[in-house]
Amino acid sequence: MNRKIFEVVKLTNGYLATIIGINKDSYKVEIVNHDGKRKKITEISENDIDEVIISK
């Protein structure tokens, strides 16, 4: 678990997500579609993250 809150990541399914919370073994993220519209808020694991797009 080496991610930070508010990082923007690309998921393995192609969507982008912003990390809004970090739990013990998962991340709470807000997923947006290809048009930038909010799709849903859900929890993902480290395996769902393909790459980091923006990190502070």
# chains A, B, ... in the order shown; residues from 1 in each chain; ligands from 1
>>> select_by_dssp(residues="chain A", states="strand (DSSP E)", output="PyMOL selection string")
chain A and resi 8-11+16-22+27-32+38-44+49-54
>>> residues_around(residues="Ile54 in chain A", least_positions_apart="5", cutoff="9 Å", atoms="only C-alpha atoms", output="list of chain:residue names")
A:Phe6, A:Glu7, A:Val8, A:Val9
>>> write_last_selection(atoms="C-alpha atoms", output="mmCIF file, in the first residue's frame")
data_model
loop_
_atom_site.group_PDB
_atom_site.id
_atom_site.type_symbol
_atom_site.label_atom_id
_atom_site.label_comp_id
_atom_site.auth_asym_id
_atom_site.auth_seq_id
_atom_site.Cartn_x
_atom_site.Cartn_y
_atom_site.Cartn_z
ATOM 1 C CA PHE A 6 -5.786 12.353 -4.141
ATOM 2 C CA GLU A 7 -3.537 10.455 -6.559
ATOM 3 C CA VAL A 8 -5.110 9.936 -9.975
ATOM 4 C CA VAL A 9 -4.589 6.393 -11.221
#
>>> atom_distance(atom1="CA of Leu11 in chain A", atom2="CA of Lys56 in chain A")
18.4 Å
>>> residues_around(residues="range 36-51 of chain A", least_positions_apart="2", cutoff="7 Å", atoms="only C-alpha atoms", output="list in words")
Val9, Lys10, Leu11, Thr12, Asp25, Ser26, Tyr27, Lys28, Val29, Glu30, Ile31, Val32, Asn33, His34 and Ile53 of chain A
>>> write_last_selection(atoms="C-alpha atoms", output="PDB file, in the first residue's frame")
ATOM      1  CA  VAL A   9      -4.589   6.393 -11.221  1.00  0.00           C
ATOM      2  CA  LYS A  10      -5.421   4.488 -14.384  1.00  0.00           C
ATOM      3  CA  LEU A  11      -7.254   1.248 -13.674  1.00  0.00           C
ATOM      4  CA  THR A  12      -6.766  -2.032 -15.511  1.00  0.00           C
ATOM      5  CA  ASP A  25      -5.934  -3.507   2.253  1.00  0.00           C
ATOM      6  CA  SER A  26      -7.973  -1.485  -0.241  1.00  0.00           C
ATOM      7  CA  TYR A  27      -8.491   2.006  -1.627  1.00  0.00           C
ATOM      8  CA  LYS A  28     -11.735   3.999  -1.747  1.00  0.00           C
ATOM      9  CA  VAL A  29     -11.832   5.672  -5.151  1.00  0.00           C
ATOM     10  CA  GLU A  30     -14.051   7.855  -7.297  1.00  0.00           C
ATOM     11  CA  ILE A  31     -14.126   6.424 -10.815  1.00  0.00           C
ATOM     12  CA  VAL A  32     -14.756   8.626 -13.850  1.00  0.00           C
ATOM     13  CA  ASN A  33     -15.550   7.493 -17.385  1.00  0.00           C
ATOM     14  CA  HIS A  34     -13.690   8.494 -20.552  1.00  0.00           C
ATOM     15  CA  ILE A  53      -1.209   9.427 -13.686  1.00  0.00           C
TER      16      ILE A  53
END
